[in-house]
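Asker: Mind having a look at this structure? Questions to follow.
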Amino acid sequence: MTKFLELTYYNNRNFTFPSYLKPTIEKSLVGIQTHYIDLSNSQYGEEVFNIFHKKTDLELIENLINSHGVFFEKFLASEFRHRIHPYFNEEENSLKLLDNCKNYYGISENKNRLVDRIKHDFMKITLIRLKNDSFYKKLQNFVQEKSNARKCAICNKEYVPVKLPDWVYYGSNGNDSICYECPTAKSQNKKELKRLINELINVLNFIPNADFNPINHNFSSRVNKSNWIKVCKIIFQMGLKGNDTLSSESIFKKKFGSWFKALVYSDVLPNGIMESGRGFRCIAKSGNECNSLDEMFVDNWLFENKIISIKEPLYPKHPIYNKSGRRRADWKVGDYFIEYFGLKGEEAYDKKTKEKLLLANTLNLKLISIFPSDLNKISEKLDILKEITIANNV
């Protein structure tokens, strides 16, 4: 039997109440509890608190404890993350705080690691400074209530909600009515998956992203709680497991090529098109996925002219313009990289366009750049590719 998640380790352990959330901490204690007190009392801790604290934080914590009990910290961390990240976009303001963090811990880490450390520190400092008897009692009551065994609303397995890992509780948006060890289907054919996709979307009343999953908070937070059990039943019937994302192991990638192609096959998209931040995702005549109607127009031209192309090929690595080696073009035909630059005028996109042009120029790559104004004379831009095709066929 395949389970959605394997949680035996968590089920066998005893729940331990976080000591730092108790109203008072004995001074004789050492370790993480006193570390947070020392952190809160330090000059660095004072600076972190003064920069990010809001008067409404006490109310925010209380509301989260009322809703999620001892699991509230993951939700609080999410709220704080959205508050803290913009501060570090301004390098001038943030350099001093980053240096103070380094000095406090006596470490040398990159900016991302330091920002993560500061986010964690701010949350712990906030909890040390704002916790009170009322919060503690509410947390104790929650633990007591959720320590009682109950039966899963789907598979009828007995489980203890407070033993759910915090990442499962947060990922499911606090939906603890099921055990998340429910059995999932081993394999479904395309016809059955089509039926289940239609059923899922009818219940959800929205089309989920490709990484939908009951323990993906971005997905679960959009689902009406009254429909949660129905939604999970359908997902388990699909055969989805807790670690399925956009990897090659994903059932939709295996069966259809992608989640988008599964949606097209299931007839849930009007005209096989889905609106996205970049335009309209659609399927070209070649079967390639395209991120806009204009991109599909170019892909269709290649297909209709019997030009064999590679979709989204990787560019060669470069120490400045392609450090990771993950930068991609739209197509490649022979030695030619082809780019459709359709979002000209957007600052971030223009920056990427410039970097791709510099990459091609620096590495002497053959690059055909297509802009929206070129679409009405697309043959002029791409006719050279016909010569490559003829040469290859000779």
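As shown in the structure tokens, the chain order sets the letters A, B, ...; within each chain, residues go from 1, and ligands are also counted from 1 in the order they appear.
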Applying 12 Å and only C-alpha atoms, which residues near A:Ile320 remain after dropping the ones on its own chain fewer than 2 positions away? List them as a PyMOL selection string.

Answerer: chain A and resi 316-318+322-325+327+355-356+358-359+362-363

Asker: Selected residues, C-alpha atoms, written as a CSV table (one decimal), in the first residue's frame, please.

Answerer:
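Contents of result05.csv, freshly written:
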```csv
chain,number,residue,atom,x,y,z
A,316,PRO,CA,26.5,27.7,-22.3
A,317,LYS,CA,27.7,28.8,-18.9
A,318,HIS,CA,29.4,32.1,-18.4
A,322,ASN,CA,25.0,32.6,-16.9
A,323,LYS,CA,26.8,31.6,-13.7
A,324,SER,CA,24.4,28.7,-12.9
A,325,GLY,CA,24.2,27.5,-16.4
A,327,ARG,CA,19.6,30.3,-18.5
A,355,GLU,CA,22.1,40.0,-20.2
A,356,LYS,CA,21.1,37.4,-22.8
A,358,LEU,CA,25.6,40.3,-23.8
A,359,LEU,CA,25.9,36.5,-23.2
A,362,THR,CA,30.5,37.6,-25.4
A,363,LEU,CA,30.5,33.9,-26.4
```

Asker: Identify, on the basis of only C-alpha atoms, every residue whose closest approach to A:Cys232 does not exceed 10 Å; exclude the query and any residue fewer than 3 positions from it along the same chain; express the result as a ChimeraX atom specification.

Answerer: /A:154,178,180,182,200,213-214,227-229,235-238,240

Asker: Do a neighbour search on A:Asn132 at 9 Å with only C-alpha atoms, toss out local chain neighbours closer than 2 positions, and write the hits as a PyMOL selection string.

Answerer: chain A and resi 21-24+129-130+134-137

Asker: Extract the full set of helix (DSSP H, G or I) residues from stretch 25-111 of chain A according to DSSP on the backbone, and format it as a count of residues only.

Answerer: 69

Asker: Give me, please, the distance in Å between atom CA of A:Ser187 and atom CA of A:Ile251, quoted to one decimal.

Answerer: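 Computed distance, atom CA of A:Ser187 to atom CA of A:Ile251, equals 8.4 Å.
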
Asker: List as a list in words the protein and nucleic acid residues near A:Glu158, meaning an atom at most 12 Å away when only C-alpha atoms are counted, but skip any in the same chain fewer than 6 places from it.

Answerer: Asn11, Ser147, Asn148, Ala149, Arg150, Lys151, Cys152, Ser177, Ile178, Cys179, Tyr180, Glu181 and Cys182 of chain A

Asker: Excluding same-chain residues fewer than 3 positions from stretch 277-292 of chain A, what lies within 12 Å of it counting only C-alpha atoms, as a PDB file with N, CA and C atoms, in the first residue's frame?

Answerer:
```pdb
ATOM      1  N   PHE A 256       1.219  12.916 -19.157  1.00  0.00           N
ATOM      2  CA  PHE A 256       0.809  13.906 -20.167  1.00  0.00           C
ATOM      3  C   PHE A 256       1.961  14.767 -20.688  1.00  0.00           C
ATOM      4  N   GLY A 257       3.074  14.771 -19.989  1.00  0.00           N
ATOM      5  CA  GLY A 257       4.172  15.666 -20.377  1.00  0.00           C
ATOM      6  C   GLY A 257       4.275  16.853 -19.450  1.00  0.00           C
ATOM      7  N   SER A 258       3.137  17.318 -18.926  1.00  0.00           N
ATOM      8  CA  SER A 258       3.118  18.439 -17.972  1.00  0.00           C
ATOM      9  C   SER A 258       1.692  18.579 -17.422  1.00  0.00           C
ATOM     10  N   TRP A 259       1.558  19.349 -16.358  1.00  0.00           N
ATOM     11  CA  TRP A 259       0.228  19.629 -15.784  1.00  0.00           C
ATOM     12  C   TRP A 259      -0.607  20.425 -16.773  1.00  0.00           C
ATOM     13  N   PHE A 260       0.027  21.365 -17.469  1.00  0.00           N
ATOM     14  CA  PHE A 260      -0.715  22.177 -18.435  1.00  0.00           C
ATOM     15  C   PHE A 260      -1.288  21.303 -19.549  1.00  0.00           C
ATOM     16  N   LYS A 261      -0.484  20.376 -20.039  1.00  0.00           N
ATOM     17  CA  LYS A 261      -0.967  19.473 -21.099  1.00  0.00           C
ATOM     18  C   LYS A 261      -2.086  18.571 -20.570  1.00  0.00           C
ATOM     19  N   ALA A 262      -2.019  18.230 -19.284  1.00  0.00           N
ATOM     20  CA  ALA A 262      -3.097  17.442 -18.672  1.00  0.00           C
ATOM     21  C   ALA A 262      -4.391  18.241 -18.656  1.00  0.00           C
ATOM     22  N   LEU A 263      -4.280  19.554 -18.396  1.00  0.00           N
ATOM     23  CA  LEU A 263      -5.462  20.425 -18.390  1.00  0.00           C
ATOM     24  C   LEU A 263      -6.063  20.531 -19.790  1.00  0.00           C
ATOM     25  N   VAL A 264      -5.200  20.659 -20.785  1.00  0.00           N
ATOM     26  CA  VAL A 264      -5.683  20.744 -22.173  1.00  0.00           C
ATOM     27  C   VAL A 264      -6.387  19.445 -22.553  1.00  0.00           C
ATOM     28  N   TYR A 265      -5.773  18.309 -22.232  1.00  0.00           N
ATOM     29  CA  TYR A 265      -6.348  16.999 -22.529  1.00  0.00           C
ATOM     30  C   TYR A 265      -7.706  16.822 -21.844  1.00  0.00           C
ATOM     31  N   LEU A 269      -9.811  23.954 -20.139  1.00  0.00           N
ATOM     32  CA  LEU A 269      -9.362  25.297 -20.518  1.00  0.00           C
ATOM     33  C   LEU A 269     -10.105  25.744 -21.779  1.00  0.00           C
ATOM     34  N   PRO A 270     -10.696  26.926 -21.757  1.00  0.00           N
ATOM     35  CA  PRO A 270     -11.362  27.436 -22.969  1.00  0.00           C
ATOM     36  C   PRO A 270     -10.357  27.568 -24.112  1.00  0.00           C
ATOM     37  N   ASN A 271     -10.600  26.882 -25.214  1.00  0.00           N
ATOM     38  CA  ASN A 271      -9.730  26.919 -26.397  1.00  0.00           C
ATOM     39  C   ASN A 271      -8.313  26.427 -26.108  1.00  0.00           C
ATOM     40  N   GLY A 272      -8.127  25.676 -25.019  1.00  0.00           N
ATOM     41  CA  GLY A 272      -6.802  25.151 -24.692  1.00  0.00           C
ATOM     42  C   GLY A 272      -5.818  26.216 -24.271  1.00  0.00           C
ATOM     43  N   ILE A 273      -6.329  27.337 -23.752  1.00  0.00           N
ATOM     44  CA  ILE A 273      -5.477  28.477 -23.370  1.00  0.00           C
ATOM     45  C   ILE A 273      -5.704  28.814 -21.905  1.00  0.00           C
ATOM     46  N   MET A 274      -4.602  29.148 -21.192  1.00  0.00           N
ATOM     47  CA  MET A 274      -4.721  29.546 -19.794  1.00  0.00           C
ATOM     48  C   MET A 274      -3.963  30.855 -19.579  1.00  0.00           C
ATOM     49  N   GLU A 295       4.393  33.674 -28.812  1.00  0.00           N
ATOM     50  CA  GLU A 295       5.378  32.590 -28.818  1.00  0.00           C
ATOM     51  C   GLU A 295       4.837  31.396 -29.608  1.00  0.00           C
ATOM     52  N   MET A 296       3.546  31.129 -29.457  1.00  0.00           N
ATOM     53  CA  MET A 296       2.924  30.047 -30.212  1.00  0.00           C
ATOM     54  C   MET A 296       2.975  30.352 -31.712  1.00  0.00           C
ATOM     55  N   PHE A 297       2.790  31.613 -32.095  1.00  0.00           N
ATOM     56  CA  PHE A 297       2.843  32.027 -33.495  1.00  0.00           C
ATOM     57  C   PHE A 297       4.207  31.676 -34.102  1.00  0.00           C
ATOM     58  N   VAL A 298       5.275  31.973 -33.358  1.00  0.00           N
ATOM     59  CA  VAL A 298       6.629  31.669 -33.841  1.00  0.00           C
ATOM     60  C   VAL A 298       6.832  30.160 -33.925  1.00  0.00           C
ATOM     61  N   ASP A 299       6.421  29.442 -32.885  1.00  0.00           N
ATOM     62  CA  ASP A 299       6.581  27.985 -32.866  1.00  0.00           C
ATOM     63  C   ASP A 299       5.811  27.338 -34.012  1.00  0.00           C
ATOM     64  N   ASN A 300       4.609  27.843 -34.292  1.00  0.00           N
ATOM     65  CA  ASN A 300       3.805  27.307 -35.405  1.00  0.00           C
ATOM     66  C   ASN A 300       4.496  27.545 -36.750  1.00  0.00           C
ATOM     67  N   TRP A 301       5.172  28.707 -36.883  1.00  0.00           N
ATOM     68  CA  TRP A 301       5.888  29.007 -38.131  1.00  0.00           C
ATOM     69  C   TRP A 301       6.998  27.975 -38.335  1.00  0.00           C
ATOM     70  N   LEU A 302       7.724  27.675 -37.267  1.00  0.00           N
ATOM     71  CA  LEU A 302       8.794  26.675 -37.363  1.00  0.00           C
ATOM     72  C   LEU A 302       8.228  25.310 -37.756  1.00  0.00           C
ATOM     73  N   PHE A 303       7.132  24.947 -37.121  1.00  0.00           N
ATOM     74  CA  PHE A 303       6.507  23.641 -37.383  1.00  0.00           C
ATOM     75  C   PHE A 303       5.979  23.550 -38.808  1.00  0.00           C
ATOM     76  N   GLU A 304       5.291  24.602 -39.252  1.00  0.00           N
ATOM     77  CA  GLU A 304       4.692  24.594 -40.597  1.00  0.00           C
ATOM     78  C   GLU A 304       5.752  24.589 -41.698  1.00  0.00           C
ATOM     79  N   ASN A 305       6.939  25.104 -41.368  1.00  0.00           N
ATOM     80  CA  ASN A 305       8.027  25.120 -42.350  1.00  0.00           C
ATOM     81  C   ASN A 305       8.976  23.931 -42.183  1.00  0.00           C
ATOM     82  N   LYS A 306       8.490  22.939 -41.403  1.00  0.00           N
ATOM     83  CA  LYS A 306       9.220  21.674 -41.213  1.00  0.00           C
ATOM     84  C   LYS A 306      10.640  21.897 -40.690  1.00  0.00           C
ATOM     85  N   ILE A 307      10.772  22.888 -39.829  1.00  0.00           N
ATOM     86  CA  ILE A 307      12.069  23.176 -39.200  1.00  0.00           C
ATOM     87  C   ILE A 307      12.093  22.538 -37.818  1.00  0.00           C
ATOM     88  N   ILE A 308      12.996  21.608 -37.639  1.00  0.00           N
ATOM     89  CA  ILE A 308      13.088  20.891 -36.360  1.00  0.00           C
ATOM     90  C   ILE A 308      13.824  21.772 -35.339  1.00  0.00           C
ATOM     91  N   SER A 309      13.170  22.016 -34.230  1.00  0.00           N
ATOM     92  CA  SER A 309      13.770  22.891 -33.209  1.00  0.00           C
ATOM     93  C   SER A 309      13.786  22.189 -31.858  1.00  0.00           C
ATOM     94  N   ILE A 310      14.689  22.663 -31.004  1.00  0.00           N
ATOM     95  CA  ILE A 310      14.718  22.241 -29.599  1.00  0.00           C
ATOM     96  C   ILE A 310      14.074  23.366 -28.793  1.00  0.00           C
ATOM     97  N   LYS A 311      13.088  23.022 -27.960  1.00  0.00           N
ATOM     98  CA  LYS A 311      12.401  24.040 -27.162  1.00  0.00           C
ATOM     99  C   LYS A 311      13.148  24.248 -25.845  1.00  0.00           C
ATOM    100  N   GLU A 312      13.347  25.509 -25.504  1.00  0.00           N
ATOM    101  CA  GLU A 312      13.983  25.933 -24.244  1.00  0.00           C
ATOM    102  C   GLU A 312      15.337  25.255 -24.005  1.00  0.00           C
ATOM    103  N   ASP A 330      14.488  30.395 -26.105  1.00  0.00           N
ATOM    104  CA  ASP A 330      13.150  29.870 -26.420  1.00  0.00           C
ATOM    105  C   ASP A 330      13.241  28.658 -27.346  1.00  0.00           C
ATOM    106  N   TRP A 331      14.130  28.726 -28.347  1.00  0.00           N
ATOM    107  CA  TRP A 331      14.311  27.607 -29.283  1.00  0.00           C
ATOM    108  C   TRP A 331      15.785  27.531 -29.695  1.00  0.00           C
ATOM    109  N   TYR A 340      12.301  35.024 -28.345  1.00  0.00           N
ATOM    110  CA  TYR A 340      11.205  35.974 -28.565  1.00  0.00           C
ATOM    111  C   TYR A 340      11.132  36.873 -27.344  1.00  0.00           C
ATOM    112  N   PHE A 341      11.517  38.142 -27.508  1.00  0.00           N
ATOM    113  CA  PHE A 341      11.499  39.112 -26.415  1.00  0.00           C
ATOM    114  C   PHE A 341      10.175  39.872 -26.456  1.00  0.00           C
ATOM    115  N   GLY A 342       9.166  39.302 -25.809  1.00  0.00           N
ATOM    116  CA  GLY A 342       7.811  39.837 -25.944  1.00  0.00           C
ATOM    117  C   GLY A 342       7.356  40.787 -24.866  1.00  0.00           C
ATOM    118  N   LEU A 343       8.158  40.942 -23.798  1.00  0.00           N
ATOM    119  CA  LEU A 343       7.725  41.801 -22.684  1.00  0.00           C
ATOM    120  C   LEU A 343       8.587  43.042 -22.551  1.00  0.00           C
ATOM    121  N   LYS A 344       9.096  43.522 -23.667  1.00  0.00           N
ATOM    122  CA  LYS A 344       9.954  44.706 -23.659  1.00  0.00           C
ATOM    123  C   LYS A 344       9.239  45.865 -22.977  1.00  0.00           C
ATOM    124  N   GLU A 346       9.302  46.112 -19.500  1.00  0.00           N
ATOM    125  CA  GLU A 346       9.274  45.759 -18.076  1.00  0.00           C
ATOM    126  C   GLU A 346      10.715  45.702 -17.579  1.00  0.00           C
ATOM    127  N   TYR A 349      12.449  42.322 -16.937  1.00  0.00           N
ATOM    128  CA  TYR A 349      12.538  41.570 -18.198  1.00  0.00           C
ATOM    129  C   TYR A 349      13.593  42.190 -19.112  1.00  0.00           C
ATOM    130  N   PRO A 372       8.166  41.938 -30.777  1.00  0.00           N
ATOM    131  CA  PRO A 372       6.779  41.990 -31.286  1.00  0.00           C
ATOM    132  C   PRO A 372       6.647  42.646 -32.654  1.00  0.00           C
TER     133      PRO A 372
END
```

Asker: Could you give me, as a ChimeraX atom specification, the residues within 12 Å of A:Ile201, counting only C-alpha atoms and dropping anything in the same chain fewer than 4 positions from it?

Answerer: /A:194-197,205-209,212,223,227,230-231,234-235,263,266-269

Asker: Write to file, as a PDB file, in the first residue's frame, the residues of the selection just made, with N, CA and C atoms.

Answerer:
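again30.pdb, freshly written:
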```pdb
ATOM      1  N   LYS A 194      -8.345  12.247 -16.361  1.00  0.00           N
ATOM      2  CA  LYS A 194      -9.152  13.319 -16.950  1.00  0.00           C
ATOM      3  C   LYS A 194     -10.431  13.527 -16.139  1.00  0.00           C
ATOM      4  N   ARG A 195     -11.085  12.422 -15.766  1.00  0.00           N
ATOM      5  CA  ARG A 195     -12.306  12.513 -14.956  1.00  0.00           C
ATOM      6  C   ARG A 195     -12.025  13.165 -13.601  1.00  0.00           C
ATOM      7  N   LEU A 196     -10.918  12.748 -12.972  1.00  0.00           N
ATOM      8  CA  LEU A 196     -10.574  13.268 -11.648  1.00  0.00           C
ATOM      9  C   LEU A 196     -10.165  14.740 -11.699  1.00  0.00           C
ATOM     10  N   ILE A 197      -9.471  15.138 -12.769  1.00  0.00           N
ATOM     11  CA  ILE A 197      -9.087  16.547 -12.927  1.00  0.00           C
ATOM     12  C   ILE A 197     -10.336  17.415 -13.024  1.00  0.00           C
ATOM     13  N   ASN A 205     -13.362  25.121  -7.709  1.00  0.00           N
ATOM     14  CA  ASN A 205     -13.840  26.332  -8.359  1.00  0.00           C
ATOM     15  C   ASN A 205     -12.688  27.250  -8.787  1.00  0.00           C
ATOM     16  N   PHE A 206     -11.501  26.658  -8.960  1.00  0.00           N
ATOM     17  CA  PHE A 206     -10.364  27.363  -9.563  1.00  0.00           C
ATOM     18  C   PHE A 206      -9.419  26.308 -10.123  1.00  0.00           C
ATOM     19  N   ILE A 207      -8.555  26.727 -11.055  1.00  0.00           N
ATOM     20  CA  ILE A 207      -7.573  25.802 -11.626  1.00  0.00           C
ATOM     21  C   ILE A 207      -6.276  25.953 -10.837  1.00  0.00           C
ATOM     22  N   PRO A 208      -5.831  24.885 -10.153  1.00  0.00           N
ATOM     23  CA  PRO A 208      -4.622  25.010  -9.335  1.00  0.00           C
ATOM     24  C   PRO A 208      -3.355  25.042 -10.181  1.00  0.00           C
ATOM     25  N   ASN A 209      -2.275  25.544  -9.573  1.00  0.00           N
ATOM     26  CA  ASN A 209      -0.972  25.529 -10.227  1.00  0.00           C
ATOM     27  C   ASN A 209      -0.445  24.103 -10.312  1.00  0.00           C
ATOM     28  N   PHE A 212       0.294  21.810  -7.131  1.00  0.00           N
ATOM     29  CA  PHE A 212      -0.752  21.654  -6.115  1.00  0.00           C
ATOM     30  C   PHE A 212      -0.551  20.356  -5.341  1.00  0.00           C
ATOM     31  N   VAL A 223      -8.198  26.688  -0.644  1.00  0.00           N
ATOM     32  CA  VAL A 223      -9.284  25.696  -0.649  1.00  0.00           C
ATOM     33  C   VAL A 223     -10.265  25.992   0.483  1.00  0.00           C
ATOM     34  N   ASN A 227     -14.638  21.979   1.912  1.00  0.00           N
ATOM     35  CA  ASN A 227     -14.399  21.053   0.796  1.00  0.00           C
ATOM     36  C   ASN A 227     -13.103  20.256   0.958  1.00  0.00           C
ATOM     37  N   LYS A 230     -13.182  16.358   0.574  1.00  0.00           N
ATOM     38  CA  LYS A 230     -13.491  15.998  -0.821  1.00  0.00           C
ATOM     39  C   LYS A 230     -12.263  16.179  -1.704  1.00  0.00           C
ATOM     40  N   VAL A 231     -11.600  17.316  -1.541  1.00  0.00           N
ATOM     41  CA  VAL A 231     -10.425  17.642  -2.360  1.00  0.00           C
ATOM     42  C   VAL A 231      -9.319  16.613  -2.144  1.00  0.00           C
ATOM     43  N   ILE A 234     -10.007  13.193  -3.779  1.00  0.00           N
ATOM     44  CA  ILE A 234      -9.762  13.207  -5.232  1.00  0.00           C
ATOM     45  C   ILE A 234      -8.262  13.137  -5.515  1.00  0.00           C
ATOM     46  N   ILE A 235      -7.485  13.936  -4.776  1.00  0.00           N
ATOM     47  CA  ILE A 235      -6.030  13.967  -4.990  1.00  0.00           C
ATOM     48  C   ILE A 235      -5.412  12.607  -4.692  1.00  0.00           C
ATOM     49  N   LEU A 263      -4.280  19.554 -18.396  1.00  0.00           N
ATOM     50  CA  LEU A 263      -5.462  20.425 -18.390  1.00  0.00           C
ATOM     51  C   LEU A 263      -6.063  20.531 -19.790  1.00  0.00           C
ATOM     52  N   SER A 266      -7.837  17.403 -20.647  1.00  0.00           N
ATOM     53  CA  SER A 266      -9.059  17.224 -19.856  1.00  0.00           C
ATOM     54  C   SER A 266     -10.169  18.204 -20.239  1.00  0.00           C
ATOM     55  N   ASP A 267      -9.907  19.065 -21.226  1.00  0.00           N
ATOM     56  CA  ASP A 267     -10.917  20.007 -21.745  1.00  0.00           C
ATOM     57  C   ASP A 267     -11.440  20.961 -20.669  1.00  0.00           C
ATOM     58  N   VAL A 268     -10.562  21.399 -19.774  1.00  0.00           N
ATOM     59  CA  VAL A 268     -11.003  22.342 -18.737  1.00  0.00           C
ATOM     60  C   VAL A 268     -10.590  23.777 -19.052  1.00  0.00           C
ATOM     61  N   LEU A 269      -9.811  23.954 -20.139  1.00  0.00           N
ATOM     62  CA  LEU A 269      -9.362  25.297 -20.518  1.00  0.00           C
ATOM     63  C   LEU A 269     -10.105  25.744 -21.779  1.00  0.00           C
TER      64      LEU A 269
END
```

Asker: Which residues are near A:Glu6? Cut-off 12 Å, only C-alpha atoms, ignore same chain within fewer than 4 positions. Put them as a PyMOL selection string.

Answerer: chain A and resi 1-2+10-12+164-165+168+179-184+241-243

Asker: Between atom CA of A:Gln140 and atom CA of A:Asp38, what is the distance, to one decimal in Å?

Answerer: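 If I compute the distance from atom CA of A:Gln140 to atom CA of A:Asp38, I get 25.4 Å.
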
Asker: Please give the complete set of residues from stretch 165-294 of chain A that DSSP, run on the backbone, assigns to strand (DSSP E), formatted as an MDAnalysis selection string.

Answerer: chainID A and resid 274:276 279:283 289:290

Asker: Can those selected residues be exported to a file as a PDB file, in the first residue's frame so that it contains C-alpha atoms?

Answerer:
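The file below, result-v5.pdb, is the result:
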```pdb
ATOM      1  CA  MET A 274      -4.721  29.546 -19.794  1.00  0.00           C
ATOM      2  CA  GLU A 275      -3.995  33.112 -18.697  1.00  0.00           C
ATOM      3  CA  SER A 276      -0.699  33.624 -16.858  1.00  0.00           C
ATOM      4  CA  GLY A 279       0.297  36.246 -21.234  1.00  0.00           C
ATOM      5  CA  PHE A 280      -1.573  33.082 -22.224  1.00  0.00           C
ATOM      6  CA  ARG A 281      -0.127  29.613 -21.898  1.00  0.00           C
ATOM      7  CA  CYS A 282      -1.067  27.482 -24.878  1.00  0.00           C
ATOM      8  CA  ILE A 283      -0.061  24.430 -26.924  1.00  0.00           C
ATOM      9  CA  GLU A 289       4.047  24.521 -24.522  1.00  0.00           C
ATOM     10  CA  CYS A 290       4.228  28.264 -25.140  1.00  0.00           C
TER      11      CYS A 290
END
```
